[in-house]
$ cat protein.txt   # compact mmCIF, N, CA and C atoms
# COMPACT_ATOMS: atom_id res chain seq x y z
N MET A 1 70.07 -153.50 64.12
CA MET A 1 69.92 -153.93 65.49
C MET A 1 70.32 -155.40 65.58
N ALA A 2 71.22 -155.69 66.46
CA ALA A 2 71.72 -157.05 66.61
C ALA A 2 70.82 -157.84 67.55
N ILE A 3 70.63 -159.09 67.21
CA ILE A 3 69.83 -159.97 68.07
C ILE A 3 70.76 -160.60 69.09
N LYS A 4 70.38 -160.45 70.34
CA LYS A 4 71.19 -160.99 71.43
C LYS A 4 70.95 -162.48 71.55
N LYS A 5 72.02 -163.21 71.62
CA LYS A 5 71.92 -164.65 71.79
C LYS A 5 71.74 -164.94 73.28
N THR A 6 70.67 -165.70 73.61
CA THR A 6 70.41 -166.00 75.02
C THR A 6 71.05 -167.33 75.39
N THR A 7 71.37 -167.41 76.64
CA THR A 7 71.97 -168.64 77.14
C THR A 7 70.91 -169.50 77.79
N LYS A 8 71.22 -170.76 78.02
CA LYS A 8 70.30 -171.68 78.69
C LYS A 8 69.91 -171.14 80.06
N LYS A 9 70.88 -170.58 80.77
CA LYS A 9 70.63 -170.06 82.12
C LYS A 9 69.60 -168.92 82.09
N GLU A 10 69.67 -168.04 81.08
CA GLU A 10 68.74 -166.92 80.99
C GLU A 10 67.32 -167.37 80.68
N THR A 11 67.15 -168.46 79.94
CA THR A 11 65.80 -168.90 79.61
C THR A 11 65.18 -169.74 80.71
N ASP A 12 66.01 -170.35 81.55
CA ASP A 12 65.48 -171.20 82.63
C ASP A 12 65.12 -170.42 83.88
N TRP A 13 65.69 -169.26 84.06
CA TRP A 13 65.45 -168.49 85.28
C TRP A 13 65.06 -167.07 84.92
N HIS A 14 64.12 -166.55 85.66
CA HIS A 14 63.71 -165.16 85.48
C HIS A 14 63.57 -164.54 86.86
N GLN A 15 64.43 -163.64 87.18
CA GLN A 15 64.42 -162.96 88.48
C GLN A 15 64.40 -163.96 89.64
N GLY A 16 65.18 -165.02 89.53
CA GLY A 16 65.30 -165.97 90.62
C GLY A 16 64.19 -167.01 90.69
N ILE A 17 63.25 -166.97 89.75
CA ILE A 17 62.14 -167.92 89.75
C ILE A 17 62.35 -168.88 88.58
N PRO A 18 62.31 -170.19 88.82
CA PRO A 18 62.47 -171.12 87.71
C PRO A 18 61.41 -170.83 86.64
N PHE A 19 61.83 -170.80 85.37
CA PHE A 19 60.94 -170.44 84.28
C PHE A 19 59.71 -171.35 84.21
N ARG A 20 59.90 -172.64 84.49
CA ARG A 20 58.75 -173.56 84.39
C ARG A 20 57.63 -173.17 85.36
N PHE A 21 57.96 -172.45 86.44
CA PHE A 21 56.94 -171.99 87.39
C PHE A 21 56.49 -170.56 87.10
N TYR A 22 57.10 -169.95 86.11
CA TYR A 22 56.81 -168.56 85.82
C TYR A 22 55.80 -168.43 84.68
N GLY A 23 55.34 -169.55 84.15
CA GLY A 23 54.42 -169.54 83.03
C GLY A 23 52.99 -169.25 83.45
N ASN A 24 52.05 -169.62 82.60
CA ASN A 24 50.63 -169.33 82.82
C ASN A 24 50.09 -169.92 84.12
N ALA A 25 50.48 -171.13 84.44
CA ALA A 25 49.99 -171.76 85.68
C ALA A 25 50.41 -170.97 86.91
N TYR A 26 51.61 -170.45 86.88
CA TYR A 26 52.12 -169.65 88.00
C TYR A 26 51.26 -168.40 88.19
N PHE A 27 51.02 -167.67 87.09
CA PHE A 27 50.23 -166.45 87.19
C PHE A 27 48.78 -166.75 87.56
N PHE A 28 48.25 -167.85 87.05
CA PHE A 28 46.90 -168.26 87.40
C PHE A 28 46.79 -168.53 88.90
N ALA A 29 47.76 -169.23 89.45
CA ALA A 29 47.76 -169.55 90.88
C ALA A 29 47.83 -168.29 91.72
N ILE A 30 48.70 -167.38 91.36
CA ILE A 30 48.82 -166.11 92.10
C ILE A 30 47.52 -165.34 92.03
N ARG A 31 46.92 -165.29 90.85
CA ARG A 31 45.65 -164.57 90.68
C ARG A 31 44.56 -165.19 91.55
N MET A 32 44.48 -166.51 91.61
CA MET A 32 43.46 -167.18 92.42
C MET A 32 43.67 -166.90 93.91
N ILE A 33 44.91 -166.90 94.35
CA ILE A 33 45.20 -166.60 95.75
C ILE A 33 44.77 -165.17 96.08
N LEU A 34 45.06 -164.23 95.21
CA LEU A 34 44.66 -162.84 95.44
C LEU A 34 43.14 -162.70 95.48
N ILE A 35 42.45 -163.39 94.59
CA ILE A 35 40.99 -163.34 94.59
C ILE A 35 40.44 -163.88 95.90
N LEU A 36 41.01 -164.98 96.38
CA LEU A 36 40.57 -165.54 97.66
C LEU A 36 40.71 -164.54 98.79
N PHE A 37 41.86 -163.87 98.86
CA PHE A 37 42.09 -162.90 99.93
C PHE A 37 41.12 -161.73 99.83
N VAL A 38 40.84 -161.27 98.62
CA VAL A 38 39.90 -160.16 98.45
C VAL A 38 38.51 -160.58 98.89
N LEU A 39 38.09 -161.77 98.49
CA LEU A 39 36.76 -162.25 98.89
C LEU A 39 36.64 -162.38 100.39
N ILE A 40 37.67 -162.91 101.02
CA ILE A 40 37.64 -163.07 102.47
C ILE A 40 37.53 -161.72 103.16
N ALA A 41 38.27 -160.73 102.64
CA ALA A 41 38.29 -159.41 103.27
C ALA A 41 37.01 -158.62 103.01
N VAL A 42 36.45 -158.74 101.81
CA VAL A 42 35.33 -157.89 101.42
C VAL A 42 33.98 -158.46 101.85
N VAL A 43 33.76 -159.72 101.63
CA VAL A 43 32.45 -160.29 101.88
C VAL A 43 32.40 -160.83 103.30
N GLN A 44 31.94 -160.02 104.20
CA GLN A 44 31.78 -160.38 105.60
C GLN A 44 30.31 -160.17 105.97
N PRO A 45 29.82 -160.90 106.95
CA PRO A 45 28.44 -160.66 107.38
C PRO A 45 28.27 -159.19 107.80
N HIS A 46 27.14 -158.63 107.47
CA HIS A 46 26.89 -157.22 107.76
C HIS A 46 26.98 -156.94 109.25
N ALA A 47 27.61 -155.84 109.59
CA ALA A 47 27.75 -155.44 110.99
C ALA A 47 26.40 -155.14 111.62
N ALA A 48 25.42 -154.81 110.79
CA ALA A 48 24.10 -154.47 111.30
C ALA A 48 23.48 -155.64 112.06
N LEU A 49 23.82 -156.87 111.66
CA LEU A 49 23.25 -158.02 112.35
C LEU A 49 23.81 -158.17 113.75
N ALA A 50 24.95 -157.57 114.02
CA ALA A 50 25.56 -157.65 115.35
C ALA A 50 25.07 -156.52 116.25
N MET A 51 24.09 -155.78 115.81
CA MET A 51 23.56 -154.67 116.60
C MET A 51 22.86 -155.18 117.85
N ASP A 52 22.78 -154.31 118.83
CA ASP A 52 22.08 -154.64 120.07
C ASP A 52 20.61 -154.27 119.90
N TRP A 53 19.83 -155.23 119.49
CA TRP A 53 18.41 -154.99 119.22
C TRP A 53 17.64 -154.71 120.51
N GLN A 54 18.20 -155.07 121.65
CA GLN A 54 17.53 -154.83 122.94
C GLN A 54 17.36 -153.33 123.22
N LYS A 55 18.23 -152.52 122.62
CA LYS A 55 18.14 -151.06 122.83
C LYS A 55 16.88 -150.47 122.21
N LEU A 56 16.15 -151.29 121.45
CA LEU A 56 14.94 -150.80 120.78
C LEU A 56 13.68 -151.06 121.60
N ASP A 57 13.85 -151.52 122.84
CA ASP A 57 12.70 -151.80 123.72
C ASP A 57 11.67 -152.69 123.02
N LEU A 58 12.11 -153.89 122.66
CA LEU A 58 11.27 -154.82 121.93
C LEU A 58 10.18 -155.42 122.83
N SER A 59 9.03 -155.66 122.21
CA SER A 59 7.96 -156.38 122.92
C SER A 59 8.36 -157.86 122.96
N PRO A 60 7.73 -158.65 123.82
CA PRO A 60 8.04 -160.09 123.85
C PRO A 60 7.84 -160.76 122.48
N GLN A 61 6.78 -160.37 121.77
CA GLN A 61 6.52 -160.94 120.43
C GLN A 61 7.64 -160.56 119.46
N GLN A 62 8.05 -159.30 119.47
CA GLN A 62 9.15 -158.86 118.60
C GLN A 62 10.45 -159.60 118.94
N GLN A 63 10.70 -159.76 120.23
CA GLN A 63 11.92 -160.45 120.67
C GLN A 63 11.93 -161.89 120.16
N THR A 64 10.77 -162.56 120.23
CA THR A 64 10.66 -163.94 119.74
C THR A 64 10.92 -163.99 118.23
N GLN A 65 10.33 -163.06 117.49
CA GLN A 65 10.52 -163.03 116.04
C GLN A 65 11.99 -162.78 115.69
N ILE A 66 12.62 -161.86 116.38
CA ILE A 66 14.02 -161.54 116.10
C ILE A 66 14.92 -162.71 116.49
N ASN A 67 14.63 -163.37 117.59
CA ASN A 67 15.41 -164.54 118.00
C ASN A 67 15.30 -165.66 116.96
N THR A 68 14.10 -165.86 116.43
CA THR A 68 13.90 -166.88 115.39
C THR A 68 14.69 -166.54 114.13
N LEU A 69 14.63 -165.28 113.72
CA LEU A 69 15.38 -164.84 112.53
C LEU A 69 16.89 -165.01 112.76
N GLU A 70 17.33 -164.67 113.95
CA GLU A 70 18.76 -164.78 114.27
C GLU A 70 19.20 -166.25 114.27
N ALA A 71 18.37 -167.13 114.82
CA ALA A 71 18.70 -168.55 114.83
C ALA A 71 18.78 -169.11 113.41
N ASN A 72 17.83 -168.71 112.56
CA ASN A 72 17.87 -169.14 111.16
C ASN A 72 19.12 -168.63 110.46
N TRP A 73 19.48 -167.37 110.72
CA TRP A 73 20.69 -166.79 110.12
C TRP A 73 21.93 -167.55 110.55
N LYS A 74 22.04 -167.84 111.84
CA LYS A 74 23.21 -168.55 112.35
C LYS A 74 23.34 -169.93 111.71
N ARG A 75 22.21 -170.61 111.54
CA ARG A 75 22.22 -171.93 110.91
C ARG A 75 22.69 -171.82 109.45
N THR A 76 22.13 -170.88 108.72
CA THR A 76 22.51 -170.67 107.32
C THR A 76 23.98 -170.27 107.22
N HIS A 77 24.41 -169.35 108.07
CA HIS A 77 25.79 -168.89 108.04
C HIS A 77 26.75 -170.04 108.33
N HIS A 78 26.44 -170.85 109.32
CA HIS A 78 27.29 -171.98 109.69
C HIS A 78 27.42 -172.96 108.52
N GLN A 79 26.31 -173.26 107.88
CA GLN A 79 26.32 -174.21 106.76
C GLN A 79 27.12 -173.66 105.57
N LEU A 80 26.80 -172.44 105.14
CA LEU A 80 27.48 -171.86 103.98
C LEU A 80 28.95 -171.58 104.25
N GLN A 81 29.27 -171.10 105.44
CA GLN A 81 30.67 -170.82 105.76
C GLN A 81 31.47 -172.12 105.78
N GLY A 82 30.86 -173.21 106.24
CA GLY A 82 31.53 -174.50 106.20
C GLY A 82 31.85 -174.93 104.78
N GLU A 83 30.88 -174.74 103.87
CA GLU A 83 31.11 -175.08 102.46
C GLU A 83 32.21 -174.20 101.86
N ILE A 84 32.19 -172.93 102.19
CA ILE A 84 33.22 -172.00 101.69
C ILE A 84 34.59 -172.43 102.19
N ASN A 85 34.69 -172.72 103.47
CA ASN A 85 35.99 -173.12 104.04
C ASN A 85 36.52 -174.39 103.39
N ARG A 86 35.63 -175.38 103.18
CA ARG A 86 36.07 -176.63 102.53
C ARG A 86 36.54 -176.37 101.10
N ASP A 87 35.79 -175.55 100.36
CA ASP A 87 36.18 -175.24 98.98
C ASP A 87 37.48 -174.45 98.92
N GLN A 88 37.67 -173.52 99.86
CA GLN A 88 38.93 -172.76 99.88
C GLN A 88 40.12 -173.67 100.18
N ALA A 89 39.93 -174.62 101.08
CA ALA A 89 41.00 -175.58 101.37
C ALA A 89 41.30 -176.43 100.14
N ALA A 90 40.27 -176.81 99.40
CA ALA A 90 40.47 -177.60 98.18
C ALA A 90 41.23 -176.79 97.13
N VAL A 91 40.91 -175.50 97.03
CA VAL A 91 41.63 -174.64 96.07
C VAL A 91 43.10 -174.57 96.44
N LYS A 92 43.40 -174.40 97.71
CA LYS A 92 44.79 -174.33 98.14
C LYS A 92 45.53 -175.62 97.80
N ARG A 93 44.85 -176.76 97.97
CA ARG A 93 45.48 -178.04 97.63
C ARG A 93 45.70 -178.19 96.13
N LEU A 94 44.76 -177.66 95.33
CA LEU A 94 44.84 -177.82 93.88
C LEU A 94 45.74 -176.80 93.18
N LEU A 95 45.98 -175.66 93.79
CA LEU A 95 46.77 -174.61 93.13
C LEU A 95 48.11 -175.10 92.59
N PRO A 96 48.90 -175.84 93.37
CA PRO A 96 50.19 -176.28 92.82
C PRO A 96 50.05 -177.21 91.62
N SER A 97 48.93 -177.92 91.49
CA SER A 97 48.74 -178.86 90.39
C SER A 97 48.42 -178.15 89.08
N GLY A 98 47.89 -176.92 89.16
CA GLY A 98 47.53 -176.19 87.96
C GLY A 98 46.28 -176.72 87.28
N LYS A 99 45.44 -177.47 87.99
CA LYS A 99 44.20 -178.02 87.43
C LYS A 99 43.16 -176.90 87.31
N LYS A 100 43.31 -176.14 86.26
CA LYS A 100 42.52 -174.92 86.08
C LYS A 100 41.00 -175.15 86.10
N PRO A 101 40.45 -176.15 85.39
CA PRO A 101 38.98 -176.30 85.42
C PRO A 101 38.43 -176.59 86.82
N GLU A 102 39.12 -177.44 87.58
CA GLU A 102 38.65 -177.77 88.92
C GLU A 102 38.74 -176.55 89.84
N ILE A 103 39.84 -175.81 89.71
CA ILE A 103 40.02 -174.62 90.53
C ILE A 103 38.96 -173.58 90.20
N GLN A 104 38.70 -173.38 88.91
CA GLN A 104 37.69 -172.40 88.51
C GLN A 104 36.30 -172.79 89.00
N GLU A 105 35.99 -174.08 88.96
CA GLU A 105 34.69 -174.54 89.45
C GLU A 105 34.55 -174.28 90.95
N LEU A 106 35.61 -174.55 91.69
CA LEU A 106 35.59 -174.27 93.13
C LEU A 106 35.44 -172.78 93.38
N GLN A 107 36.15 -171.95 92.61
CA GLN A 107 36.06 -170.50 92.76
C GLN A 107 34.63 -170.01 92.52
N LYS A 108 33.99 -170.56 91.49
CA LYS A 108 32.60 -170.17 91.20
C LYS A 108 31.70 -170.52 92.38
N ARG A 109 31.91 -171.72 92.94
CA ARG A 109 31.09 -172.16 94.07
C ARG A 109 31.34 -171.29 95.30
N ILE A 110 32.59 -170.92 95.53
CA ILE A 110 32.92 -170.04 96.66
C ILE A 110 32.23 -168.69 96.49
N MET A 111 32.34 -168.12 95.29
CA MET A 111 31.72 -166.81 95.03
C MET A 111 30.19 -166.89 95.19
N LYS A 112 29.60 -167.97 94.68
CA LYS A 112 28.14 -168.14 94.78
C LYS A 112 27.72 -168.21 96.25
N ASN A 113 28.45 -168.98 97.05
CA ASN A 113 28.11 -169.10 98.47
C ASN A 113 28.35 -167.81 99.23
N LYS A 114 29.38 -167.06 98.88
CA LYS A 114 29.62 -165.77 99.53
C LYS A 114 28.50 -164.78 99.19
N MET A 115 28.04 -164.82 97.95
CA MET A 115 26.92 -163.96 97.57
C MET A 115 25.65 -164.38 98.30
N ARG A 116 25.43 -165.68 98.45
CA ARG A 116 24.27 -166.16 99.21
C ARG A 116 24.35 -165.68 100.65
N LEU A 117 25.55 -165.74 101.24
CA LEU A 117 25.72 -165.25 102.61
C LEU A 117 25.36 -163.77 102.71
N MET A 118 25.87 -162.99 101.78
CA MET A 118 25.61 -161.56 101.80
C MET A 118 24.11 -161.28 101.64
N ASN A 119 23.46 -161.99 100.71
CA ASN A 119 22.02 -161.81 100.50
C ASN A 119 21.22 -162.24 101.72
N GLU A 120 21.57 -163.37 102.30
CA GLU A 120 20.88 -163.85 103.50
C GLU A 120 21.04 -162.88 104.66
N SER A 121 22.24 -162.32 104.79
CA SER A 121 22.49 -161.34 105.84
C SER A 121 21.59 -160.12 105.67
N THR A 122 21.53 -159.62 104.47
CA THR A 122 20.69 -158.45 104.18
C THR A 122 19.21 -158.77 104.39
N ASN A 123 18.78 -159.93 103.88
CA ASN A 123 17.37 -160.31 104.05
C ASN A 123 17.00 -160.47 105.52
N THR A 124 17.90 -161.05 106.29
CA THR A 124 17.63 -161.22 107.72
C THR A 124 17.49 -159.87 108.40
N PHE A 125 18.40 -158.96 108.07
CA PHE A 125 18.32 -157.62 108.66
C PHE A 125 16.98 -156.96 108.30
N MET A 126 16.60 -157.04 107.01
CA MET A 126 15.35 -156.39 106.57
C MET A 126 14.13 -157.02 107.27
N LYS A 127 14.14 -158.34 107.46
CA LYS A 127 13.03 -158.99 108.17
C LYS A 127 12.98 -158.54 109.62
N LYS A 128 14.14 -158.40 110.23
CA LYS A 128 14.18 -157.90 111.62
C LYS A 128 13.62 -156.48 111.67
N ARG A 129 14.05 -155.68 110.73
CA ARG A 129 13.59 -154.29 110.68
C ARG A 129 12.06 -154.23 110.51
N ASP A 130 11.52 -155.15 109.69
CA ASP A 130 10.08 -155.16 109.44
C ASP A 130 9.27 -155.52 110.68
N THR A 131 9.88 -156.13 111.67
CA THR A 131 9.15 -156.46 112.91
C THR A 131 8.98 -155.24 113.81
N LEU A 132 9.70 -154.17 113.51
CA LEU A 132 9.72 -152.98 114.37
C LEU A 132 8.59 -152.01 114.05
N SER A 133 8.21 -151.25 115.05
CA SER A 133 7.25 -150.16 114.86
C SER A 133 7.98 -149.01 114.15
N PRO A 134 7.23 -148.05 113.60
CA PRO A 134 7.88 -146.90 112.95
C PRO A 134 8.84 -146.15 113.89
N THR A 135 8.47 -146.02 115.16
CA THR A 135 9.34 -145.34 116.13
C THR A 135 10.63 -146.14 116.33
N GLN A 136 10.50 -147.45 116.47
CA GLN A 136 11.68 -148.30 116.64
C GLN A 136 12.55 -148.30 115.38
N GLN A 137 11.92 -148.24 114.22
CA GLN A 137 12.68 -148.19 112.96
C GLN A 137 13.51 -146.90 112.88
N GLN A 138 12.91 -145.81 113.36
CA GLN A 138 13.64 -144.54 113.37
C GLN A 138 14.84 -144.63 114.33
N LYS A 139 14.62 -145.22 115.49
CA LYS A 139 15.71 -145.39 116.46
C LYS A 139 16.80 -146.30 115.88
N LEU A 140 16.39 -147.36 115.18
CA LEU A 140 17.35 -148.25 114.52
C LEU A 140 18.19 -147.48 113.51
N LYS A 141 17.56 -146.63 112.75
CA LYS A 141 18.26 -145.83 111.74
C LYS A 141 19.34 -144.96 112.41
N GLN A 142 19.05 -144.41 113.58
CA GLN A 142 20.01 -143.59 114.31
C GLN A 142 21.15 -144.44 114.87
N MET A 143 20.87 -145.71 115.17
CA MET A 143 21.90 -146.60 115.72
C MET A 143 22.86 -147.13 114.66
N MET A 144 22.44 -147.06 113.39
CA MET A 144 23.24 -147.61 112.29
C MET A 144 24.53 -146.81 112.11
N PRO A 145 25.63 -147.51 111.83
CA PRO A 145 26.88 -146.79 111.54
C PRO A 145 26.74 -146.05 110.21
N HIS A 146 27.35 -144.90 110.12
CA HIS A 146 27.22 -144.07 108.91
C HIS A 146 28.37 -144.30 107.98
$ encode --input "protein.txt" --output "structure tokens"
Amino acid sequence: MAIKKTTKKETDWHQGIPFRFYGNAYFFAIRMILILFVLIAVVQPHAALAMDWQKLDLSPQQQTQINTLEANWKRTHHQLQGEINRDQAAVKRLLPSGKKPEIQELQKRIMKNKMRLMNESTNTFMKKRDTLSPTQQQKLKQMMPH
């Protein structure tokens, strides 16, 4: 088997992409961008929190409790989403530099905050549910998307 001699042109370019950008940093950057898009698409606040709780014929006390929980959720969501947005913008700025440790640290922080959002969303929903009577809980169960 003969060994093919490569030319300078073949080693510098691969499928139209300069070889220096086709190395590990290039693949790392692409992988980070894909992870960001998946996180944005998958981790969204639960649709259950957007439910119309008024359909459950809430008492004034229940309405006050649910309003308080909703206000706390909105405050938490606003704060964490702001941190996520800032970190995602920083990742976009850093990707071309290939600063892997800084990018990975930002990714960890983004994932941690997205998990906190998801947990807070679930906890808020469960606290709202706990304010309901058994009859209202049954009606809520029927209102939930399947």
$ atom_distance --input "protein.txt" --atom1 "CA of Gln88 in chain A" --atom2 "CA of Thr76 in chain A"
18.1 Å
$ closest_residue --input "protein.txt" --among "A:Lys92, A:His77, A:Lys100, A:Lys139" --to "Asn119 in chain A" --atoms "only C-alpha atoms"
A:His77
$ residues_around --input "protein.txt" --residues "range 108-115 of chain A" --least-positions-apart "2" --cutoff "7 Å" --atoms "all atoms listed in the file" --output "number ranges by chain"
A: 43, 80, 83-84, 87-88, 103-106, 117-120
$ residues_around --input "protein.txt" --residues "range 62-68 of chain A" --least-positions-apart "5" --cutoff "8 Å" --atoms "all atoms listed in the file" --output "mmCIF file with N, CA and C atoms, in the coordinates of the input"
data_model
loop_
_atom_site.group_PDB
_atom_site.id
_atom_site.type_symbol
_atom_site.label_atom_id
_atom_site.label_comp_id
_atom_site.auth_asym_id
_atom_site.auth_seq_id
_atom_site.Cartn_x
_atom_site.Cartn_y
_atom_site.Cartn_z
ATOM 1 N N ASP A 57 13.850 -151.520 122.840
ATOM 2 C CA ASP A 57 12.700 -151.800 123.720
ATOM 3 C C ASP A 57 11.670 -152.690 123.020
ATOM 4 N N TRP A 73 19.480 -167.370 110.720
ATOM 5 C CA TRP A 73 20.690 -166.790 110.120
ATOM 6 C C TRP A 73 21.930 -167.550 110.550
ATOM 7 N N LYS A 74 22.040 -167.840 111.840
ATOM 8 C CA LYS A 74 23.210 -168.550 112.350
ATOM 9 C C LYS A 74 23.340 -169.930 111.710
ATOM 10 N N LYS A 127 14.140 -158.340 107.460
ATOM 11 C CA LYS A 127 13.030 -158.990 108.170
ATOM 12 C C LYS A 127 12.980 -158.540 109.620
ATOM 13 N N LYS A 128 14.140 -158.400 110.230
ATOM 14 C CA LYS A 128 14.180 -157.900 111.620
ATOM 15 C C LYS A 128 13.620 -156.480 111.670
ATOM 16 N N ARG A 129 14.050 -155.680 110.730
ATOM 17 C CA ARG A 129 13.590 -154.290 110.680
ATOM 18 C C ARG A 129 12.060 -154.230 110.510
ATOM 19 N N THR A 131 9.880 -156.130 111.670
ATOM 20 C CA THR A 131 9.150 -156.460 112.910
ATOM 21 C C THR A 131 8.980 -155.240 113.810
ATOM 22 N N LEU A 132 9.700 -154.170 113.510
ATOM 23 C CA LEU A 132 9.720 -152.980 114.370
ATOM 24 C C LEU A 132 8.590 -152.010 114.050
#
$ atom_distance --input "protein.txt" --atom1 "atom C of Met143 in chain A" --atom2 "atom N of His78 in chain A"
24.6 Å
$ atom_distance --input "protein.txt" --atom1 "atom C of Leu56 in chain A" --atom2 "atom N of Gln79 in chain A"
29.0 Å
